[in-house]
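As stored in query24.cif (mmCIF, C-alpha atoms):
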```cif
data_input
loop_
_atom_site.label_atom_id
_atom_site.label_comp_id
_atom_site.auth_asym_id
_atom_site.auth_seq_id
_atom_site.Cartn_x
_atom_site.Cartn_y
_atom_site.Cartn_z
CA MET A 376 117.42 50.94 8.70
CA THR A 377 114.01 52.63 8.45
CA SER A 378 113.29 53.44 12.11
CA MET A 379 115.15 55.56 14.64
CA THR A 380 117.91 53.68 16.46
CA HIS A 381 118.00 53.28 20.22
CA MET A 382 121.20 55.30 20.14
CA ALA A 383 119.50 58.22 18.39
CA ARG A 384 116.65 58.22 20.91
CA GLU A 385 119.05 58.04 23.85
CA VAL A 386 121.23 60.86 22.50
CA ALA A 387 118.10 62.97 22.14
CA GLU A 388 117.28 62.23 25.80
CA ILE A 389 120.59 63.63 27.09
CA PRO A 390 119.29 67.11 28.05
CA VAL A 391 116.27 65.66 29.88
CA ALA A 392 118.46 63.09 31.66
CA ALA A 393 120.84 65.86 32.74
CA GLU A 394 117.99 67.97 34.10
CA ARG A 395 116.55 64.95 35.92
CA PHE A 396 119.90 64.18 37.53
CA LEU A 397 120.34 67.73 38.77
CA ARG A 398 116.84 67.66 40.25
CA GLU A 399 116.78 64.19 41.77
CA ALA A 400 120.39 63.71 42.92
CA ARG A 401 120.68 66.98 44.84
CA ASP A 402 120.60 65.35 48.28
CA SER A 403 123.03 62.58 47.29
CA ILE A 404 125.48 65.14 45.93
CA ALA A 405 125.22 67.28 49.05
CA SER A 406 125.82 64.28 51.35
CA ALA A 407 128.83 63.03 49.39
CA ALA A 408 130.31 66.53 49.14
CA ALA A 409 129.98 67.02 52.90
CA ALA A 410 131.75 63.71 53.48
CA LEU A 411 134.60 64.81 51.19
CA ARG A 412 134.95 68.12 53.00
CA GLN A 413 135.10 66.27 56.31
CA ARG A 414 137.62 63.72 55.03
CA ASP A 415 139.69 66.35 53.20
CA PRO A 416 141.40 63.63 51.15
CA ALA A 417 145.07 63.87 50.32
CA PHE A 418 144.41 62.29 46.92
CA LEU A 419 141.74 60.45 44.93
CA VAL A 420 141.66 57.19 43.02
CA THR A 421 139.16 56.13 40.37
CA VAL A 422 137.94 52.67 39.44
CA ALA A 423 136.27 52.15 36.05
CA ARG A 424 136.48 50.58 32.60
CA GLY A 425 135.45 51.57 29.07
CA SER A 426 133.37 54.71 28.67
CA SER A 427 133.10 54.94 32.44
CA ASP A 428 136.89 55.13 32.63
CA HIS A 429 136.78 58.03 30.18
CA ALA A 430 134.33 59.72 32.54
CA ALA A 431 136.82 59.06 35.35
CA SER A 432 139.60 60.61 33.27
CA TYR A 433 137.45 63.70 32.72
CA LEU A 434 136.93 63.92 36.49
CA LYS A 435 140.68 63.43 37.09
CA TYR A 436 141.53 66.56 35.12
CA ALA A 437 138.67 68.56 36.65
CA VAL A 438 139.70 67.70 40.21
CA GLU A 439 143.40 68.28 39.59
CA LEU A 440 142.67 71.66 37.97
CA GLN A 441 140.13 72.92 40.49
CA ALA A 442 141.09 71.20 43.74
CA GLY A 443 144.84 70.71 43.27
CA LEU A 444 144.63 67.04 44.30
CA ALA A 445 146.34 64.20 42.47
CA VAL A 446 143.93 61.67 40.98
CA ALA A 447 145.07 58.21 39.86
CA SER A 448 143.26 55.43 38.03
CA VAL A 449 143.72 52.07 39.76
CA GLY A 450 143.44 48.81 37.86
CA PRO A 451 140.46 46.74 39.05
CA SER A 452 142.46 43.55 38.53
CA ILE A 453 144.77 44.56 41.39
CA ALA A 454 141.95 43.47 43.69
CA SER A 455 139.88 41.07 41.60
CA ILE A 456 142.71 38.99 40.08
CA TYR A 457 145.79 39.71 42.17
CA GLY A 458 144.00 39.97 45.51
CA ARG A 459 145.82 43.05 46.78
CA THR A 460 144.35 45.67 49.08
CA LEU A 461 145.93 49.06 48.51
CA ARG A 462 146.85 51.36 51.39
CA LEU A 463 144.46 54.27 50.84
CA LYS A 464 144.19 55.85 54.26
CA GLY A 465 143.31 59.51 53.87
CA ALA A 466 142.14 59.04 50.27
CA ALA A 467 138.79 58.93 48.50
CA ALA A 468 137.92 56.32 45.87
CA ILE A 469 135.33 56.89 43.16
CA GLY A 470 133.92 53.93 41.24
CA ILE A 471 132.08 54.64 37.98
CA SER A 472 129.98 51.97 36.26
CA GLN A 473 126.74 52.24 34.30
CA SER A 474 125.44 48.92 35.59
CA GLY A 475 127.36 48.83 38.87
CA ARG A 476 127.59 45.07 38.47
CA SER A 477 131.00 44.27 37.02
CA PRO A 478 132.69 42.03 39.63
CA ASP A 479 136.15 43.57 39.27
CA ILE A 480 134.91 47.13 39.75
CA VAL A 481 132.83 46.13 42.77
CA GLU A 482 135.71 44.20 44.35
CA MET A 483 138.22 47.01 43.81
CA LEU A 484 135.88 49.56 45.40
CA ARG A 485 135.21 47.22 48.32
CA ARG A 486 138.92 46.72 48.93
CA ALA A 487 139.51 50.46 48.60
CA GLY A 488 137.18 50.90 51.55
CA GLU A 489 139.05 48.20 53.47
CA GLY A 490 142.27 50.04 52.66
CA GLY A 491 141.00 53.18 54.37
CA ALA A 492 139.42 55.19 51.54
CA LEU A 493 136.12 57.02 51.60
CA THR A 494 134.25 55.30 48.77
CA LEU A 495 131.76 56.78 46.32
CA ALA A 496 129.84 55.08 43.51
CA ILE A 497 128.55 56.78 40.35
CA THR A 498 126.10 54.40 38.66
CA ASN A 499 122.80 54.20 36.80
CA ASP A 500 121.54 51.48 39.17
CA ALA A 501 121.04 52.69 42.73
CA ALA A 502 120.45 49.09 43.88
CA SER A 503 123.56 47.65 42.22
CA PRO A 504 126.32 45.82 44.13
CA MET A 505 128.70 48.75 43.57
CA ALA A 506 126.21 51.24 44.99
CA GLU A 507 125.62 49.02 48.00
CA THR A 508 129.36 48.61 48.56
CA ALA A 509 130.16 52.33 48.59
CA ASP A 510 129.90 54.75 51.50
CA HIS A 511 128.00 57.14 49.22
CA SER A 512 126.12 56.44 45.99
CA LEU A 513 125.37 59.00 43.29
CA PRO A 514 122.62 57.61 41.02
CA ILE A 515 122.93 59.25 37.61
CA CYS A 516 119.18 58.95 36.89
CA ALA A 517 119.73 58.39 33.14
CA GLY A 518 116.92 55.87 32.74
CA PRO A 519 117.14 52.69 30.62
CA GLU A 520 119.83 52.66 27.94
CA LYS A 521 119.25 49.95 25.31
CA SER A 522 121.98 50.75 22.81
CA VAL A 523 125.27 49.01 23.52
CA ALA A 524 127.05 52.32 22.96
CA ALA A 525 126.84 54.39 26.14
CA THR A 526 125.78 58.00 25.50
CA LYS A 527 123.40 59.52 28.03
CA THR A 528 124.96 57.45 30.82
CA TYR A 529 128.40 58.80 29.90
CA VAL A 530 127.20 62.40 29.95
CA THR A 531 125.36 62.01 33.25
CA SER A 532 128.34 60.21 34.83
CA VAL A 533 130.56 63.19 33.99
CA LEU A 534 127.80 65.53 35.15
CA ALA A 535 127.69 63.69 38.49
CA GLY A 536 131.44 64.14 38.93
CA LEU A 537 131.35 67.84 38.04
CA SER A 538 128.35 68.42 40.31
CA LEU A 539 130.15 66.70 43.15
CA LEU A 540 133.30 68.75 42.60
CA ALA A 541 131.36 72.02 42.45
CA GLU A 542 129.48 71.24 45.68
CA TRP A 543 132.52 69.82 47.48
CA HIS A 544 134.56 72.98 46.89
CA GLU A 545 131.56 75.31 46.95
CA ASP A 546 132.68 76.67 43.57
CA ALA A 547 129.97 79.14 42.55
CA ALA A 548 131.18 79.51 38.95
CA LEU A 549 131.23 75.76 38.37
CA GLN A 550 127.87 75.34 40.13
CA GLU A 551 126.36 77.88 37.76
CA ALA A 552 127.97 76.20 34.75
CA VAL A 553 126.61 72.81 35.80
CA ALA A 554 123.11 74.26 36.26
CA ARG A 555 123.19 75.60 32.68
CA LEU A 556 124.15 72.27 31.13
CA PRO A 557 120.67 70.88 30.30
CA ASP A 558 119.86 73.84 28.03
CA GLN A 559 123.37 73.91 26.58
CA LEU A 560 123.29 70.17 25.86
CA ALA A 561 120.05 70.67 23.94
CA ALA A 562 121.75 73.36 21.87
CA ALA A 563 124.81 71.17 21.29
CA LEU A 564 122.61 68.45 19.79
CA GLN A 565 121.68 70.86 16.99
CA LEU A 566 125.27 71.35 15.79
CA ASP A 567 126.12 70.03 12.33
CA TRP A 568 129.40 68.14 11.83
CA THR A 569 128.58 66.91 8.30
CA PRO A 570 131.98 67.98 6.86
CA LEU A 571 133.67 65.46 9.16
CA SER A 572 131.28 62.72 8.05
CA ASP A 573 131.97 63.50 4.39
CA ARG A 574 135.73 63.11 4.96
CA LEU A 575 135.62 59.97 7.10
CA VAL A 576 132.96 57.90 5.36
CA ARG A 577 135.62 55.94 3.44
CA ALA A 578 138.49 56.41 5.89
CA GLN A 579 140.39 53.53 7.49
CA SER A 580 141.74 55.31 10.58
CA LEU A 581 142.17 58.67 12.27
CA TYR A 582 143.61 60.45 15.29
CA VAL A 583 141.52 62.27 17.89
CA LEU A 584 143.48 64.84 19.92
CA GLY A 585 142.80 66.78 23.12
CA ARG A 586 144.37 68.26 26.25
CA GLY A 587 143.07 68.20 29.82
CA PRO A 588 139.38 67.24 30.06
CA ALA A 589 139.24 67.34 26.27
CA PHE A 590 141.73 64.45 26.21
CA ALA A 591 139.18 62.37 28.13
CA ILE A 592 136.65 63.29 25.46
CA ALA A 593 139.13 62.35 22.73
CA ASN A 594 139.38 58.87 24.22
CA GLU A 595 135.61 58.53 24.33
CA MET A 596 135.28 59.68 20.72
CA ALA A 597 137.94 57.23 19.56
CA LEU A 598 136.13 54.39 21.32
CA LYS A 599 132.81 55.33 19.73
CA PHE A 600 134.34 55.47 16.24
CA LYS A 601 135.52 51.88 16.69
CA GLU A 602 132.46 50.66 18.54
CA THR A 603 129.70 52.08 16.33
CA SER A 604 131.31 52.64 12.94
CA GLY A 605 134.06 50.08 12.43
CA LEU A 606 136.61 52.88 12.08
CA HIS A 607 140.00 52.54 13.75
CA ALA A 608 140.71 55.63 15.84
CA GLU A 609 143.49 56.46 18.28
CA ALA A 610 143.31 59.16 20.93
CA TYR A 611 146.37 61.18 21.87
CA SER A 612 147.20 64.24 23.87
CA SER A 613 147.87 67.02 21.39
CA ALA A 614 151.34 67.15 22.97
CA GLU A 615 151.96 63.38 23.01
CA VAL A 616 151.04 62.99 19.34
CA LEU A 617 154.20 64.94 18.47
CA HIS A 618 156.35 62.30 20.18
CA GLY A 619 156.19 59.79 17.34
CA PRO A 620 152.61 59.33 16.08
CA ALA A 621 152.76 62.57 14.05
CA ALA A 622 155.14 60.78 11.68
CA ILE A 623 152.24 59.14 9.82
CA ALA A 624 149.90 62.17 9.90
CA SER A 625 150.47 63.21 6.31
CA GLY A 626 149.04 62.40 2.89
CA ARG A 627 145.52 63.49 3.95
CA PHE A 628 145.55 61.41 7.13
CA PRO A 629 142.42 62.54 9.04
CA VAL A 630 142.75 64.22 12.44
CA LEU A 631 140.05 65.52 14.78
CA ALA A 632 141.62 68.12 17.10
CA LEU A 633 139.57 69.21 20.11
CA GLY A 634 139.96 72.60 21.75
CA VAL A 635 138.25 74.47 24.57
CA ASP A 636 138.87 77.99 25.82
CA ASP A 637 141.44 77.21 28.51
CA ALA A 638 145.20 77.46 29.00
CA ALA A 639 145.87 74.61 26.56
CA LEU A 640 144.05 76.17 23.60
CA SER A 641 147.09 77.79 22.01
CA HIS A 642 148.99 74.50 22.24
CA ALA A 643 146.11 72.58 20.65
CA ARG A 644 145.99 75.12 17.84
CA ALA A 645 149.75 74.91 17.25
CA THR A 646 149.63 71.11 17.00
CA ALA A 647 146.68 71.20 14.59
CA GLU A 648 148.41 73.79 12.41
CA ARG A 649 151.60 71.73 12.36
CA LEU A 650 149.78 68.53 11.33
CA ALA A 651 147.83 70.37 8.63
CA GLY A 652 151.10 71.79 7.39
CA GLN A 653 152.54 68.33 6.90
CA GLY A 654 149.54 67.21 4.85
CA ALA A 655 146.97 65.89 7.34
CA ASP A 656 143.25 66.62 6.93
CA VAL A 657 142.60 68.37 10.24
CA PHE A 658 139.16 69.13 11.65
CA ALA A 659 139.13 71.36 14.71
CA THR A 660 136.65 72.26 17.44
CA GLY A 661 136.92 75.39 19.52
CA PHE A 662 139.50 77.16 17.36
CA GLY A 663 140.47 78.02 13.85
CA ALA A 664 143.89 77.42 12.32
CA PRO A 665 145.39 77.66 8.83
CA GLY A 666 144.66 74.55 6.80
CA CYS A 667 142.05 73.22 9.27
CA VAL A 668 138.30 72.78 8.87
CA ARG A 669 136.50 74.27 11.87
CA LEU A 670 133.52 72.35 13.30
CA PRO A 671 130.84 74.27 15.22
CA VAL A 672 130.71 74.20 19.04
CA LEU A 673 129.00 76.37 21.66
CA ASP A 674 131.05 79.40 22.63
CA GLY A 675 131.35 81.24 25.94
CA VAL A 676 130.93 78.25 28.26
CA HIS A 677 132.93 77.20 31.33
CA PRO A 678 136.13 75.37 30.25
CA LEU A 679 135.29 72.39 32.48
CA THR A 680 131.85 71.87 30.93
CA ALA A 681 132.75 72.75 27.33
CA PRO A 682 134.15 69.28 26.51
CA LEU A 683 130.91 67.68 27.68
CA LEU A 684 128.98 69.76 25.16
CA GLN A 685 131.37 68.62 22.44
CA ILE A 686 130.78 64.95 23.23
CA ALA A 687 127.02 65.52 22.99
CA ALA A 688 127.45 67.02 19.53
CA PHE A 689 129.73 64.12 18.62
CA TYR A 690 127.24 61.48 19.76
CA ARG A 691 124.59 62.89 17.43
CA PHE A 692 127.15 62.98 14.63
CA VAL A 693 128.53 59.48 15.12
CA GLU A 694 125.10 57.79 15.21
CA GLY A 695 124.33 59.10 11.74
CA PHE A 696 127.89 58.43 10.61
CA ALA A 697 127.63 54.78 11.64
CA LEU A 698 124.47 54.35 9.57
CA ARG A 699 126.16 56.05 6.64
CA ARG A 700 128.97 53.47 6.82
CA GLY A 701 126.45 50.63 6.93
CA PHE A 702 126.64 49.79 10.66
CA ASN A 703 123.89 49.46 13.24
CA PRO A 704 125.21 51.52 16.17
CA ASP A 705 122.87 49.75 18.61
CA VAL A 706 124.47 46.34 18.24
CA PRO A 707 128.23 46.51 17.55
CA PRO A 708 129.67 43.12 16.60
CA HIS A 709 131.00 40.95 19.44
CA LEU A 710 129.88 43.37 22.19
CA ASN A 711 127.24 43.27 24.94
CA LYS A 712 125.59 46.09 26.86
CA VAL A 713 126.85 44.89 30.23
CA THR A 714 130.41 43.56 30.27
CA GLU A 715 131.24 41.73 33.49
CA THR A 716 134.99 41.31 33.84
CA HIS A 717 137.04 39.84 36.66
#
```

When written as structure tokens, how does the structure in this file appear?
Amino acid sequence: MTSMTHMAREVAEIPVAAERFLREARDSIASAAAALRQRDPAFLVTVARGSSDHAASYLKYAVELQAGLAVASVGPSIASIYGRTLRLKGAAAIGISQSGRSPDIVEMLRRAGEGGALTLAITNDAASPMAETADHSLPICAGPEKSVAATKTYVTSVLAGLSLLAEWHEDAALQEAVARLPDQLAAALQLDWTPLSDRLVRAQSLYVLGRGPAFAIANEMALKFKETSGLHAEAYSSAEVLHGPAAIASGRFPVLALGVDDAALSHARATAERLAGQGADVFATGFGAPGCVRLPVLDGVHPLTAPLLQIAAFYRFVEGFALRRGFNPDVPPHLNKVTETH
């Protein structure tokens, strides 16, 4: 390919999209946060698929860590296929969808409202059926995204969730961290992960590991490896990988181990060191360990925003990596930009 891909342009737009969201969605965030404070939900549920579900997983960990509320992912098919309305009195339900048009997501969020939940929609289309169904809509303001692989919409969906959490709980430290993200995202896009590309260019598979919000990022990275580069990748918790999958992580099996400066960092490091010790080729972010290759990340950032900066760096990496493997990341085989499931 001789011209810049849509994916490359959209990754480059991430900092501007983040700044635009923080500027334009302020009133929507404040209204939704006030509604959550008034409802004081006993628990939350999320409704999403694909990359949007990885954004929901990120939000699950953030809410559980900061607010102490349980967050569960509910299967859209419970409503759309099986026709069940869940009893969600006293809960809040958050639907996340780039298009806001997938029938199963819309139907699940609608039935969540019927079941008693306060409903919120995070979407790139403020006029979408999901936005119109919800009690509150948070438009992510990412602008058009032409590449099939979601990048800037993923980042702004997570940003919307973190912004909502910070405002809901009036968390000054998280509010400040969110406000700093546009500049930090721009810096993250300058990080060079070439050593990982050199190792994986002829690889057949790999593991991506993380804990907490970084586990959500691990799932998103694994999806993008498959989607853009034809590389089989599996995401695991850096604890869960030791319960069986570690058995094949030897003989230079590649592993990408994600770490951020939180309570799980020492555990992530121990797992990476163990896998390197049994012969795996381990690449690590956020920490160094014997036998591991350390990839650059931004230091000194809030632990709940740090994984988002790592996914930005990864998106820039994986676009070039896909081209290096001979794939067009804009048009993965057998996939469409909008997937409408039932």

Judged by only C-alpha atoms, the minimum distance to Pro629 (chain A) among A:Arg574, A:His381, A:Lys464, A:His429 is found for A:Arg574

Using only C-alpha atoms, which of A:Leu440, A:Val693, A:Cys667, A:Ala624 sits nearest Gly654 (chain A)?
A:Ala624

To verify the selection step, state as an NGL selection string which residues the PyMOL selection byres ((chain A and resi 515-518) around 9) yields on this input.
:A and (388-389 or 391-393 or 395-397 or 399-400 or 473 or 497-501 or 513-514 or 519-520 or 527-528 or 531-532 or 534-535)

Go ahead and save the picked residues with C-alpha atoms, as a PDB file, keeping the file's coordinate frame.
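Saved to part_24.pdb:
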```pdb
ATOM      1  CA  GLU A 388     117.280  62.230  25.800  1.00  0.00           C
ATOM      2  CA  ILE A 389     120.590  63.630  27.090  1.00  0.00           C
ATOM      3  CA  VAL A 391     116.270  65.660  29.880  1.00  0.00           C
ATOM      4  CA  ALA A 392     118.460  63.090  31.660  1.00  0.00           C
ATOM      5  CA  ALA A 393     120.840  65.860  32.740  1.00  0.00           C
ATOM      6  CA  ARG A 395     116.550  64.950  35.920  1.00  0.00           C
ATOM      7  CA  PHE A 396     119.900  64.180  37.530  1.00  0.00           C
ATOM      8  CA  LEU A 397     120.340  67.730  38.770  1.00  0.00           C
ATOM      9  CA  GLU A 399     116.780  64.190  41.770  1.00  0.00           C
ATOM     10  CA  ALA A 400     120.390  63.710  42.920  1.00  0.00           C
ATOM     11  CA  GLN A 473     126.740  52.240  34.300  1.00  0.00           C
ATOM     12  CA  ILE A 497     128.550  56.780  40.350  1.00  0.00           C
ATOM     13  CA  THR A 498     126.100  54.400  38.660  1.00  0.00           C
ATOM     14  CA  ASN A 499     122.800  54.200  36.800  1.00  0.00           C
ATOM     15  CA  ASP A 500     121.540  51.480  39.170  1.00  0.00           C
ATOM     16  CA  ALA A 501     121.040  52.690  42.730  1.00  0.00           C
ATOM     17  CA  LEU A 513     125.370  59.000  43.290  1.00  0.00           C
ATOM     18  CA  PRO A 514     122.620  57.610  41.020  1.00  0.00           C
ATOM     19  CA  PRO A 519     117.140  52.690  30.620  1.00  0.00           C
ATOM     20  CA  GLU A 520     119.830  52.660  27.940  1.00  0.00           C
ATOM     21  CA  LYS A 527     123.400  59.520  28.030  1.00  0.00           C
ATOM     22  CA  THR A 528     124.960  57.450  30.820  1.00  0.00           C
ATOM     23  CA  THR A 531     125.360  62.010  33.250  1.00  0.00           C
ATOM     24  CA  SER A 532     128.340  60.210  34.830  1.00  0.00           C
ATOM     25  CA  LEU A 534     127.800  65.530  35.150  1.00  0.00           C
ATOM     26  CA  ALA A 535     127.690  63.690  38.490  1.00  0.00           C
TER      27      ALA A 535
END
```

Please write the residues picked by the PyMOL selection byres ((chain A and resi 544-554) around 12) on this file as a ChimeraX atom specification.
/A:390,393-398,401,404-405,407-413,415,437-438,441-444,530-531,533-543,555-560,675-681,683-684

Expected file: the selected residues, C-alpha atoms, as a PDB file, in the coordinates of the input:
```pdb
ATOM      1  CA  PRO A 390     119.290  67.110  28.050  1.00  0.00           C
ATOM      2  CA  ALA A 393     120.840  65.860  32.740  1.00  0.00           C
ATOM      3  CA  GLU A 394     117.990  67.970  34.100  1.00  0.00           C
ATOM      4  CA  ARG A 395     116.550  64.950  35.920  1.00  0.00           C
ATOM      5  CA  PHE A 396     119.900  64.180  37.530  1.00  0.00           C
ATOM      6  CA  LEU A 397     120.340  67.730  38.770  1.00  0.00           C
ATOM      7  CA  ARG A 398     116.840  67.660  40.250  1.00  0.00           C
ATOM      8  CA  ARG A 401     120.680  66.980  44.840  1.00  0.00           C
ATOM      9  CA  ILE A 404     125.480  65.140  45.930  1.00  0.00           C
ATOM     10  CA  ALA A 405     125.220  67.280  49.050  1.00  0.00           C
ATOM     11  CA  ALA A 407     128.830  63.030  49.390  1.00  0.00           C
ATOM     12  CA  ALA A 408     130.310  66.530  49.140  1.00  0.00           C
ATOM     13  CA  ALA A 409     129.980  67.020  52.900  1.00  0.00           C
ATOM     14  CA  ALA A 410     131.750  63.710  53.480  1.00  0.00           C
ATOM     15  CA  LEU A 411     134.600  64.810  51.190  1.00  0.00           C
ATOM     16  CA  ARG A 412     134.950  68.120  53.000  1.00  0.00           C
ATOM     17  CA  GLN A 413     135.100  66.270  56.310  1.00  0.00           C
ATOM     18  CA  ASP A 415     139.690  66.350  53.200  1.00  0.00           C
ATOM     19  CA  ALA A 437     138.670  68.560  36.650  1.00  0.00           C
ATOM     20  CA  VAL A 438     139.700  67.700  40.210  1.00  0.00           C
ATOM     21  CA  GLN A 441     140.130  72.920  40.490  1.00  0.00           C
ATOM     22  CA  ALA A 442     141.090  71.200  43.740  1.00  0.00           C
ATOM     23  CA  GLY A 443     144.840  70.710  43.270  1.00  0.00           C
ATOM     24  CA  LEU A 444     144.630  67.040  44.300  1.00  0.00           C
ATOM     25  CA  VAL A 530     127.200  62.400  29.950  1.00  0.00           C
ATOM     26  CA  THR A 531     125.360  62.010  33.250  1.00  0.00           C
ATOM     27  CA  VAL A 533     130.560  63.190  33.990  1.00  0.00           C
ATOM     28  CA  LEU A 534     127.800  65.530  35.150  1.00  0.00           C
ATOM     29  CA  ALA A 535     127.690  63.690  38.490  1.00  0.00           C
ATOM     30  CA  GLY A 536     131.440  64.140  38.930  1.00  0.00           C
ATOM     31  CA  LEU A 537     131.350  67.840  38.040  1.00  0.00           C
ATOM     32  CA  SER A 538     128.350  68.420  40.310  1.00  0.00           C
ATOM     33  CA  LEU A 539     130.150  66.700  43.150  1.00  0.00           C
ATOM     34  CA  LEU A 540     133.300  68.750  42.600  1.00  0.00           C
ATOM     35  CA  ALA A 541     131.360  72.020  42.450  1.00  0.00           C
ATOM     36  CA  GLU A 542     129.480  71.240  45.680  1.00  0.00           C
ATOM     37  CA  TRP A 543     132.520  69.820  47.480  1.00  0.00           C
ATOM     38  CA  ARG A 555     123.190  75.600  32.680  1.00  0.00           C
ATOM     39  CA  LEU A 556     124.150  72.270  31.130  1.00  0.00           C
ATOM     40  CA  PRO A 557     120.670  70.880  30.300  1.00  0.00           C
ATOM     41  CA  ASP A 558     119.860  73.840  28.030  1.00  0.00           C
ATOM     42  CA  GLN A 559     123.370  73.910  26.580  1.00  0.00           C
ATOM     43  CA  LEU A 560     123.290  70.170  25.860  1.00  0.00           C
ATOM     44  CA  GLY A 675     131.350  81.240  25.940  1.00  0.00           C
ATOM     45  CA  VAL A 676     130.930  78.250  28.260  1.00  0.00           C
ATOM     46  CA  HIS A 677     132.930  77.200  31.330  1.00  0.00           C
ATOM     47  CA  PRO A 678     136.130  75.370  30.250  1.00  0.00           C
ATOM     48  CA  LEU A 679     135.290  72.390  32.480  1.00  0.00           C
ATOM     49  CA  THR A 680     131.850  71.870  30.930  1.00  0.00           C
ATOM     50  CA  ALA A 681     132.750  72.750  27.330  1.00  0.00           C
ATOM     51  CA  LEU A 683     130.910  67.680  27.680  1.00  0.00           C
ATOM     52  CA  LEU A 684     128.980  69.760  25.160  1.00  0.00           C
TER      53      LEU A 684
END
```

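Interatomic distance, CA of Ile592 (chain A) to CA of Ala431 (chain A): 10.8 Å.
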
Hey, what's within 9 Å of Val422 (chain A) if we count all atoms listed in the file and toss same-chain stuff fewer than 4 positions away? As a PyMOL selection string, please?
chain A and resi 427-428+431+448-451+468-472+480-481+483-484

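We find CA of Pro707 (chain A) and CA of Val523 (chain A) to be spaced 7.1 Å apart.
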
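The residue that comes closest to Ala591 (chain A), out of A:Ser572, A:Ser432, A:Thr460, A:Ser503 and on the basis of only C-alpha atoms, is A:Ser432.
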
Looking at A:Arg424, A:Arg384, A:Lys521, A:Thr646, which one is nearest to Arg476 (chain A), with distances taken over only C-alpha atoms?
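Checking each of A:Arg424, A:Arg384, A:Lys521, A:Thr646 against Arg476 (chain A), counting only C-alpha atoms, the winner is A:Arg424.
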
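Proximity ranking of A:Ala688, A:Ser474, A:Glu489, A:Leu640 relative to Arg459 (chain A) places A:Glu489 first, based on only C-alpha atoms.
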
Which residues fall under the PyMOL selection byres ((chain A and resi 588) around 6) in this file, as a list in words?
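Those residues are Tyr433, Tyr436, Gly587, Ala589, Phe590 and Ala591 of chain A.
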
Atom pair CA of Ala525 (chain A) + CA of Thr569 (chain A), distance 21.9 Å

Point out the residue among A:Ala467, A:Leu673, A:Ala524, A:Leu617 with the least atom-to-atom distance to Ser604 (chain A), counting all atoms listed in the file.
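Distance minimum relative to Ser604 (chain A) lands on A:Ala524.
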
Put region 403-416 of chain A into a file with N, CA and C atoms, as a short mmCIF file (atom, residue, chain, number, x, y, z; two decimals), in the first residue's frame.
```cif
data_model
loop_
_atom_site.label_atom_id
_atom_site.label_comp_id
_atom_site.auth_asym_id
_atom_site.auth_seq_id
_atom_site.Cartn_x
_atom_site.Cartn_y
_atom_site.Cartn_z
N SER A 403 -23.62 16.32 29.11
CA SER A 403 -24.18 14.97 29.12
C SER A 403 -23.61 14.15 30.27
N ILE A 404 -22.31 14.28 30.50
CA ILE A 404 -21.67 13.58 31.60
C ILE A 404 -22.23 14.05 32.94
N ALA A 405 -22.37 15.35 33.09
CA ALA A 405 -22.87 15.90 34.35
C ALA A 405 -24.29 15.43 34.63
N SER A 406 -25.14 15.39 33.60
CA SER A 406 -26.53 14.95 33.77
C SER A 406 -26.61 13.48 34.15
N ALA A 407 -25.83 12.65 33.45
CA ALA A 407 -25.84 11.21 33.74
C ALA A 407 -25.27 10.93 35.13
N ALA A 408 -24.22 11.65 35.50
CA ALA A 408 -23.62 11.45 36.82
C ALA A 408 -24.60 11.84 37.93
N ALA A 409 -25.32 12.93 37.73
CA ALA A 409 -26.32 13.34 38.72
C ALA A 409 -27.40 12.28 38.87
N ALA A 410 -27.82 11.70 37.74
CA ALA A 410 -28.84 10.65 37.80
C ALA A 410 -28.33 9.42 38.55
N LEU A 411 -27.05 9.09 38.38
CA LEU A 411 -26.48 7.96 39.11
C LEU A 411 -26.38 8.25 40.60
N ARG A 412 -26.01 9.47 40.93
CA ARG A 412 -25.96 9.80 42.37
C ARG A 412 -27.34 9.72 42.99
N GLN A 413 -28.36 10.16 42.24
CA GLN A 413 -29.72 10.11 42.77
C GLN A 413 -30.21 8.67 42.88
N ARG A 414 -29.91 7.84 41.90
CA ARG A 414 -30.33 6.44 41.91
C ARG A 414 -29.55 5.65 42.95
N ASP A 415 -28.27 5.98 43.11
CA ASP A 415 -27.38 5.23 44.00
C ASP A 415 -27.53 3.73 43.77
N PRO A 416 -27.17 3.26 42.58
CA PRO A 416 -27.45 1.87 42.21
C PRO A 416 -26.74 0.86 43.10
#
```
